[in-house]
file entry-v8.txt (compact mmCIF, C-alpha atoms)
# COMPACT_ATOMS: atom_id res chain seq x y z
CA MET A 1 40.27 6.17 -22.43
CA GLU A 2 38.01 3.93 -20.27
CA GLN A 3 38.39 6.32 -17.33
CA GLY A 4 37.53 9.24 -19.55
CA LEU A 5 34.26 7.62 -20.59
CA GLY A 6 33.30 6.42 -17.11
CA PHE A 7 30.28 7.39 -15.05
CA ALA A 8 32.17 10.21 -13.30
CA ASN A 9 33.00 11.74 -16.67
CA PHE A 10 29.36 11.37 -17.66
CA LEU A 11 28.28 13.40 -14.62
CA THR A 12 30.67 16.20 -15.49
CA GLN A 13 29.27 16.47 -19.02
CA VAL A 14 25.55 16.36 -18.18
CA ASP A 15 23.77 19.67 -18.68
CA GLY A 16 20.96 21.16 -16.62
CA VAL A 17 18.21 19.09 -18.26
CA GLY A 18 20.15 15.88 -17.69
CA ILE A 19 20.79 16.81 -14.05
CA SER A 20 17.05 17.46 -13.59
CA VAL A 21 16.24 14.02 -15.01
CA LEU A 22 18.80 12.38 -12.72
CA VAL A 23 17.50 14.20 -9.63
CA LEU A 24 13.91 13.26 -10.48
CA LEU A 25 14.78 9.60 -10.98
CA LEU A 26 16.81 9.57 -7.77
CA SER A 27 13.93 11.14 -5.85
CA LEU A 28 11.46 8.57 -7.16
CA SER A 29 13.86 5.77 -6.32
CA VAL A 30 14.46 6.96 -2.76
CA ALA A 31 10.74 7.55 -2.12
CA SER A 32 9.68 4.18 -3.55
CA TRP A 33 12.36 2.20 -1.70
CA TYR A 34 11.56 3.99 1.56
CA LEU A 35 7.89 3.05 1.20
CA ILE A 36 8.72 -0.49 0.10
CA LEU A 37 10.92 -1.13 3.15
CA THR A 38 8.72 0.61 5.73
CA LYS A 39 5.49 -0.95 4.47
CA SER A 40 7.06 -4.41 4.26
CA ILE A 41 8.28 -4.21 7.86
CA ALA A 42 4.98 -2.77 9.08
CA ASN A 43 2.97 -5.47 7.29
CA PHE A 44 5.16 -8.22 8.75
CA LEU A 45 4.86 -6.90 12.30
CA GLU A 46 1.11 -6.35 12.03
CA ARG A 47 0.56 -9.85 10.66
CA ARG A 48 2.33 -11.28 13.71
CA ARG A 49 0.25 -9.14 16.07
CA VAL A 50 -2.96 -10.22 14.33
CA GLU A 51 -2.12 -13.90 14.63
CA VAL A 52 -1.54 -13.46 18.38
CA PHE A 53 -4.78 -11.51 18.78
CA LEU A 54 -6.91 -13.99 16.79
CA LYS A 55 -5.56 -16.90 18.78
CA ARG A 56 -6.41 -15.11 22.00
CA PHE A 57 -9.80 -14.04 20.64
CA TRP A 58 -10.99 -17.52 19.64
CA ASN A 59 -9.67 -19.04 22.86
CA ALA A 60 -11.70 -16.62 24.98
CA ASP A 61 -14.72 -17.99 26.83
CA SER A 62 -17.04 -15.08 26.05
CA LEU A 63 -17.23 -11.61 24.56
CA GLN A 64 -16.86 -10.24 28.09
CA ASP A 65 -13.42 -11.83 28.26
CA VAL A 66 -12.54 -10.33 24.89
CA ASN A 67 -13.76 -6.94 26.07
CA SER A 68 -11.64 -7.19 29.20
CA THR A 69 -8.61 -8.15 27.10
CA LEU A 70 -9.14 -5.17 24.80
CA ASN A 71 -9.57 -2.83 27.76
CA SER A 72 -6.40 -4.06 29.43
CA GLY A 73 -4.25 -4.20 26.28
CA SER A 74 -3.59 -1.95 23.31
CA THR A 75 -5.54 -2.37 20.07
CA ASN A 76 -2.38 -2.32 17.96
CA ASN A 77 -3.80 -4.10 14.91
CA ALA A 78 -6.76 -3.75 12.57
CA PHE A 79 -8.59 -6.84 13.86
CA ALA A 80 -8.41 -5.71 17.49
CA GLN A 81 -9.55 -2.22 16.51
CA LEU A 82 -12.51 -3.67 14.62
CA ALA A 83 -13.45 -5.81 17.62
CA ARG A 84 -13.20 -2.73 19.83
CA LEU A 85 -15.52 -0.77 17.51
CA ALA A 86 -18.07 -3.59 17.33
CA LEU A 87 -18.18 -4.17 21.08
CA ASP A 88 -18.44 -0.45 21.79
CA ALA A 89 -21.28 -0.15 19.25
CA ALA A 90 -23.12 -3.08 20.80
CA ALA A 91 -22.72 -1.64 24.31
CA ASP A 92 -23.78 1.81 23.14
CA SER A 93 -26.83 0.41 21.36
CA GLU A 94 -27.84 -1.59 24.43
CA LYS A 95 -27.39 1.43 26.69
CA HIS A 96 -29.17 4.05 24.60
CA GLY A 97 -31.48 1.86 22.50
CA LEU A 98 -32.90 3.66 19.48
CA GLN A 99 -32.68 7.12 21.01
CA LYS A 100 -29.56 8.08 19.10
CA LEU A 101 -29.79 8.96 15.41
CA ALA A 102 -26.94 6.56 14.53
CA ALA A 103 -28.98 3.61 15.85
CA ALA A 104 -32.28 4.70 14.33
CA GLY A 105 -32.26 1.83 11.82
CA GLY A 106 -31.93 -0.80 14.54
CA ALA A 107 -29.08 -2.34 16.48
CA SER A 108 -28.15 -4.79 13.71
CA GLU A 109 -27.82 -2.11 11.06
CA PHE A 110 -25.96 0.14 13.48
CA ILE A 111 -23.35 -2.55 14.19
CA THR A 112 -23.12 -3.35 10.48
CA ARG A 113 -22.41 0.29 9.64
CA VAL A 114 -19.76 0.48 12.36
CA LEU A 115 -18.05 -2.64 11.03
CA ARG A 116 -18.12 -1.40 7.45
CA ASN A 117 -16.74 1.97 8.47
CA GLY A 118 -13.92 0.22 10.29
CA ILE A 119 -13.12 -1.87 7.21
CA ASP A 120 -13.19 1.22 5.00
CA GLN A 121 -10.80 3.04 7.33
CA GLU A 122 -8.41 0.08 7.24
CA ALA A 123 -8.63 -0.03 3.44
CA THR A 124 -7.68 3.64 3.32
CA ARG A 125 -4.78 3.05 5.70
CA VAL A 126 -3.24 0.10 3.84
CA GLU A 127 -3.42 1.98 0.53
CA ASN A 128 -1.38 4.86 1.92
CA GLY A 129 1.81 5.30 -0.10
CA LEU A 130 0.82 3.02 -2.96
CA THR A 131 0.17 6.00 -5.21
CA ILE A 132 3.81 7.08 -4.98
CA ILE A 133 5.04 3.54 -5.68
CA ALA A 134 2.69 3.22 -8.65
CA SER A 135 3.76 6.63 -9.96
CA ALA A 136 7.42 5.64 -9.73
CA GLY A 137 6.76 2.39 -11.57
CA SER A 138 4.77 4.00 -14.36
CA ALA A 139 6.58 7.33 -14.80
CA ALA A 140 10.24 6.32 -14.36
CA PRO A 141 10.60 4.58 -17.77
CA TYR A 142 9.22 7.65 -19.55
CA ILE A 143 11.49 9.97 -17.59
CA GLY A 144 14.43 7.77 -18.54
CA LEU A 145 13.24 7.78 -22.14
CA PHE A 146 13.21 11.55 -22.11
CA GLY A 147 16.82 11.48 -20.91
CA THR A 148 17.61 9.03 -23.69
CA VAL A 149 16.15 11.32 -26.32
CA TRP A 150 18.06 14.24 -24.85
CA GLY A 151 21.32 12.26 -25.03
CA ILE A 152 20.70 11.31 -28.66
CA TYR A 153 20.02 14.96 -29.40
CA HIS A 154 23.42 15.83 -27.93
CA ALA A 155 25.04 13.16 -30.10
CA LEU A 156 23.47 14.67 -33.22
CA VAL A 157 24.62 18.13 -32.17
CA GLN A 158 28.20 16.86 -31.73
CA ILE A 159 28.10 15.24 -35.17
CA GLY A 160 26.76 18.43 -36.69
CA LEU A 161 29.41 20.62 -35.09
CA SER A 162 32.32 18.34 -35.93
CA GLY A 163 31.09 17.32 -39.35
CA GLN A 164 32.03 13.70 -38.68
CA GLY A 165 30.49 10.91 -36.61
CA THR A 166 33.65 9.60 -34.95
CA LEU A 167 33.47 7.65 -31.71
CA ASP A 168 35.10 10.31 -29.59
CA LYS A 169 32.43 12.82 -30.64
CA VAL A 170 29.34 10.68 -29.97
CA ALA A 171 30.50 8.33 -27.21
CA GLY A 172 29.64 10.78 -24.42
CA PRO A 173 26.11 11.68 -25.57
CA VAL A 174 25.28 8.08 -26.52
CA GLY A 175 26.56 6.92 -23.13
CA GLU A 176 24.34 9.53 -21.50
CA ALA A 177 21.34 8.18 -23.41
CA LEU A 178 22.04 4.58 -22.38
CA ILE A 179 22.58 5.52 -18.73
CA MET A 180 19.29 7.41 -18.62
CA THR A 181 17.48 4.37 -20.02
CA ALA A 182 19.12 2.06 -17.47
CA LEU A 183 18.31 4.37 -14.57
CA GLY A 184 14.68 4.65 -15.60
CA LEU A 185 14.33 0.86 -15.71
CA ALA A 186 16.21 0.46 -12.42
CA VAL A 187 13.69 2.74 -10.71
CA ALA A 188 10.58 1.32 -12.40
CA ILE A 189 11.07 -2.44 -12.11
CA PRO A 190 11.29 -2.70 -8.26
CA ALA A 191 8.41 -0.23 -7.90
CA VAL A 192 6.12 -2.23 -10.21
CA LEU A 193 6.94 -5.54 -8.51
CA ALA A 194 6.43 -4.06 -5.04
CA TYR A 195 3.14 -2.41 -6.06
CA ASN A 196 1.72 -5.69 -7.35
CA ALA A 197 2.83 -7.49 -4.18
CA PHE A 198 1.26 -4.86 -1.91
CA VAL A 199 -2.01 -4.85 -3.86
CA ARG A 200 -2.27 -8.63 -3.55
CA ARG A 201 -1.47 -8.50 0.17
CA ASN A 202 -4.04 -5.77 0.78
CA ARG A 203 -6.73 -7.69 -1.09
CA ILE A 204 -6.15 -10.81 1.03
CA TRP A 205 -5.85 -8.73 4.21
CA LEU A 206 -9.17 -6.94 3.68
CA ALA A 207 -10.89 -10.21 2.78
CA ARG A 208 -9.77 -11.70 6.10
CA LEU A 209 -10.91 -8.55 7.88
CA GLU A 210 -14.36 -8.77 6.30
CA ALA A 211 -14.60 -12.43 7.34
CA PHE A 212 -13.68 -11.48 10.89
CA ALA A 213 -16.30 -8.70 10.79
CA HIS A 214 -18.90 -11.31 9.78
CA ASP A 215 -17.89 -13.40 12.80
CA LEU A 216 -18.11 -10.40 15.09
CA PHE A 217 -21.60 -9.60 13.87
CA ALA A 218 -22.71 -13.19 14.38
CA LEU A 219 -21.22 -13.32 17.86
CA ILE A 220 -22.77 -10.03 18.93
CA SER A 221 -26.22 -10.21 17.32
CA VAL A 222 -26.83 -13.96 17.10
CA GLY A 223 -24.33 -15.49 19.49
CA ALA A 224 -23.28 -18.17 17.00
CA LYS A 225 -19.52 -18.57 17.07
CA THR A 226 -18.56 -19.03 13.43
CA ASN A 227 -14.86 -19.51 12.95
CA SER A 228 -14.65 -18.49 9.29
CA SER A 229 -11.80 -15.99 9.76
CA ALA A 230 -9.50 -18.91 10.49
CA GLY A 231 -10.55 -20.79 7.38
CA GLU A 232 -12.92 -19.93 4.53
CA VAL A 233 -13.11 -16.24 3.73
CA ARG A 234 -16.63 -14.86 3.52
CA PRO A 235 -17.73 -11.28 2.84
CA LEU A 236 -19.73 -9.25 5.35
CA ARG A 237 -23.30 -9.66 4.07
CA VAL A 238 -25.52 -10.05 7.07
CA VAL A 239 -28.33 -7.55 6.57
CA PRO A 240 -30.27 -7.85 3.26
CA THR A 241 -31.25 -4.17 3.33
CA VAL A 242 -27.67 -2.96 3.38
CA GLU A 243 -26.05 -2.72 -0.03
CA GLY A 244 -22.69 -4.42 -0.57
CA ARG A 245 -19.69 -2.36 -1.31
CA LYS A 246 -19.11 -1.71 -4.97
call {"tool": "encode", "arguments": {"input": "entry-v8.txt", "output": "structure tokens"}}
result
Amino acid sequence: MEQGLGFANFLTQVDGVGISVLVLLLSLSVASWYLILTKSIANFLERRRVEVFLKRFWNADSLQDVNSTLNSGSTNNAFAQLARLALDAAADSEKHGLQKLAAAGGASEFITRVLRNGIDQEATRVENGLTIIASAGSAAPYIGLFGTVWGIYHALVQIGLSGQGTLDKVAGPVGEALIMTALGLAVAIPAVLAYNAFVRRNRIWLARLEAFAHDLFALISVGAKTNSSAGEVRPLRVVPTVEGRK
């Protein structure tokens, strides 16, 4: 009797609607776990590369040494890419002056725009895939609930056809309803936890990147070596005429 009411027996009795619900939940689970694992590994590796780069950056004697390091090595992290953008913007502004339209507002505003664009591009990159994880976390319980309702409907149909609500008539449909509920929760809970963890990590990551952008601007335009990216996090607000990001 226990074998007859097992999960294998449940699969043989599920109709087309139930199969569709199972396939949808399985797809959401596979997609969310793939993103969770790949993003976790990528974030871990990039954090290690950033720590190595920042240590090398703050130990450099001058921006020329940093520029040489960036030219000789690969900019394989967001902080190195931002430094590359800022140094290229400063060199371009010094070479062409105010002749180019991009630098028409002055060198300081030009570098500020370049830094903000770099931060915005990184924000777009780190948010990639979070929509799917959030969708899995929010939609999976409702998909499972739909499967639950469908299983209860089958139980009522069995009772109506047999004229009696015995266990052998309703055990299969009720088991289907409970399994759908469990599968929906099993897909949703890891996705919600992972989404919250990634959002927190991205918020801290972008705050550190903005602090490093502030340091870059100070080093390039003022020459004052502020080391805030290694300690207190400060937003990039260096030009009063440039509005802060909403």
call {"tool": "closest_residue", "arguments": {"input": "entry-v8.txt", "among": "A:Ala60, A:Val114, A:Ile133, A:Ala107", "to": "Leu85 in chain A", "atoms": "only C-alpha atoms"}}
result
A:Val114
call {"tool": "atom_distance", "arguments": {"input": "entry-v8.txt", "atom1": "CA of Thr148 in chain A", "atom2": "CA of Met180 in chain A"}}
result
5.6 Å
call {"tool": "closest_residue", "arguments": {"input": "entry-v8.txt", "among": "A:Trp205, A:Phe110, A:Phe57, A:Tyr142", "to": "Asp92 in chain A", "atoms": "all atoms listed in the file"}}
result
A:Phe110
call {"tool": "closest_residue", "arguments": {"input": "entry-v8.txt", "among": "A:Glu109, A:Glu51, A:Glu176, A:Glu127", "to": "Arg208 in chain A", "atoms": "all atoms listed in the file"}}
result
A:Glu51
call {"tool": "residues_around", "arguments": {"input": "entry-v8.txt", "residues": "Ala83 in chain A", "least_positions_apart": "2", "cutoff": "12 Å", "atoms": "all atoms listed in the file", "output": "JSON, numbers by chain"}}
result
{"A": [50, 53, 54, 57, 63, 64, 66, 67, 68, 69, 70, 71, 75, 76, 77, 78, 79, 80, 81, 85, 86, 87, 88, 89, 90, 111, 114, 115, 118, 119, 209, 210, 212, 213, 214, 215, 216, 217, 219, 220]}
call {"tool": "atom_distance", "arguments": {"input": "entry-v8.txt", "atom1": "CA of Ala123 in chain A", "atom2": "CA of Leu26 in chain A"}}
result
29.4 Å
call {"tool": "closest_residue", "arguments": {"input": "entry-v8.txt", "among": "A:Val126, A:Asn59, A:Gln121, A:Ala31", "to": "Val199 in chain A", "atoms": "all atoms listed in the file"}}
result
A:Val126
call {"tool": "residues_around", "arguments": {"input": "entry-v8.txt", "residues": "range 189-198 of chain A", "least_positions_apart": "6", "cutoff": "9 Å", "atoms": "all atoms listed in the file", "output": "MDAnalysis selection string"}}
result
chainID A and resid 29 32:33 36 39:40 126:127 130:131 133:138
call {"tool": "write_last_selection", "arguments": {"input": "entry-v8.txt", "atoms": "C-alpha atoms", "output": "JSON list (two decimals), in the frame of the given file"}}
result
[["chain", "number", "residue", "atom", "x", "y", "z"],
["A", 29, "SER", "CA", 13.86, 5.77, -6.32],
["A", 32, "SER", "CA", 9.68, 4.18, -3.55],
["A", 33, "TRP", "CA", 12.36, 2.20, -1.70],
["A", 36, "ILE", "CA", 8.72, -0.49, 0.10],
["A", 39, "LYS", "CA", 5.49, -0.95, 4.47],
["A", 40, "SER", "CA", 7.06, -4.41, 4.26],
["A", 126, "VAL", "CA", -3.24, 0.10, 3.84],
["A", 127, "GLU", "CA", -3.42, 1.98, 0.53],
["A", 130, "LEU", "CA", 0.82, 3.02, -2.96],
["A", 131, "THR", "CA", 0.17, 6.00, -5.21],
["A", 133, "ILE", "CA", 5.04, 3.54, -5.68],
["A", 134, "ALA", "CA", 2.69, 3.22, -8.65],
["A", 135, "SER", "CA", 3.76, 6.63, -9.96],
["A", 136, "ALA", "CA", 7.42, 5.64, -9.73],
["A", 137, "GLY", "CA", 6.76, 2.39, -11.57],
["A", 138, "SER", "CA", 4.77, 4.00, -14.36]]
call {"tool": "closest_atom_pairs", "arguments": {"input": "entry-v8.txt", "of": "range 33-148 of chain A", "to": "range 13-21 of chain A", "cutoff": "9 Å", "atoms": "all atoms listed in the file", "output": "CSV"}}
result
residue,atom,partner,partner_atom,distance
A:Ile143,CA,A:Val21,CA,6.8
A:Gly144,CA,A:Val21,CA,7.4
A:Phe146,CA,A:Val21,CA,8.1
A:Gly147,CA,A:Gly18,CA,6.4
call {"tool": "write_last_selection", "arguments": {"input": "entry-v8.txt", "atoms": "C-alpha atoms", "output": "PDB file, keeping the file's coordinate frame"}}
result
ATOM      1  CA  ILE A 143      11.490   9.970 -17.590  1.00  0.00           C
ATOM      2  CA  GLY A 144      14.430   7.770 -18.540  1.00  0.00           C
ATOM      3  CA  PHE A 146      13.210  11.550 -22.110  1.00  0.00           C
ATOM      4  CA  GLY A 147      16.820  11.480 -20.910  1.00  0.00           C
TER       5      GLY A 147
END
call {"tool": "build_atoms", "arguments": {"input": "entry-v8.txt", "residues": "range 202-221 of chain A", "atoms": "N, CA and C atoms", "output": "short mmCIF file (atom, residue, chain, number, x, y, z; two decimals), keeping the file's coordinate frame"}}
result
data_model
loop_
_atom_site.label_atom_id
_atom_site.label_comp_id
_atom_site.auth_asym_id
_atom_site.auth_seq_id
_atom_site.Cartn_x
_atom_site.Cartn_y
_atom_site.Cartn_z
N ASN A 202 -2.92 -6.54 0.27
CA ASN A 202 -4.04 -5.77 0.78
C ASN A 202 -5.38 -6.43 0.46
N ARG A 203 -5.48 -7.02 -0.72
CA ARG A 203 -6.73 -7.69 -1.09
C ARG A 203 -7.01 -8.87 -0.15
N ILE A 204 -5.99 -9.68 0.13
CA ILE A 204 -6.15 -10.81 1.03
C ILE A 204 -6.41 -10.33 2.46
N TRP A 205 -5.71 -9.28 2.86
CA TRP A 205 -5.85 -8.73 4.21
C TRP A 205 -7.27 -8.24 4.46
N LEU A 206 -7.82 -7.48 3.52
CA LEU A 206 -9.17 -6.94 3.68
C LEU A 206 -10.22 -8.04 3.60
N ALA A 207 -9.96 -9.09 2.82
CA ALA A 207 -10.89 -10.21 2.78
C ALA A 207 -10.94 -10.92 4.13
N ARG A 208 -9.80 -11.11 4.76
CA ARG A 208 -9.77 -11.70 6.10
C ARG A 208 -10.46 -10.79 7.11
N LEU A 209 -10.27 -9.49 6.96
CA LEU A 209 -10.91 -8.55 7.88
C LEU A 209 -12.42 -8.57 7.73
N GLU A 210 -12.92 -8.68 6.51
CA GLU A 210 -14.36 -8.77 6.30
C GLU A 210 -14.91 -10.07 6.88
N ALA A 211 -14.16 -11.17 6.75
CA ALA A 211 -14.60 -12.43 7.34
C ALA A 211 -14.66 -12.33 8.86
N PHE A 212 -13.67 -11.67 9.44
CA PHE A 212 -13.68 -11.48 10.89
C PHE A 212 -14.84 -10.57 11.31
N ALA A 213 -15.15 -9.57 10.50
CA ALA A 213 -16.30 -8.70 10.79
C ALA A 213 -17.60 -9.50 10.76
N HIS A 214 -17.72 -10.44 9.83
CA HIS A 214 -18.90 -11.31 9.78
C HIS A 214 -19.01 -12.12 11.08
N ASP A 215 -17.89 -12.64 11.56
CA ASP A 215 -17.89 -13.40 12.80
C ASP A 215 -18.28 -12.53 13.98
N LEU A 216 -17.76 -11.32 14.01
CA LEU A 216 -18.11 -10.40 15.09
C LEU A 216 -19.61 -10.12 15.11
N PHE A 217 -20.16 -9.88 13.94
CA PHE A 217 -21.60 -9.60 13.87
C PHE A 217 -22.40 -10.79 14.36
N ALA A 218 -22.00 -11.99 13.95
CA ALA A 218 -22.71 -13.19 14.38
C ALA A 218 -22.60 -13.39 15.88
N LEU A 219 -21.41 -13.15 16.43
CA LEU A 219 -21.22 -13.32 17.86
C LEU A 219 -22.03 -12.32 18.67
N ILE A 220 -22.10 -11.08 18.18
CA ILE A 220 -22.77 -10.03 18.93
C ILE A 220 -24.29 -10.12 18.78
N SER A 221 -24.78 -10.28 17.56
CA SER A 221 -26.22 -10.21 17.32
C SER A 221 -26.91 -11.57 17.43
#
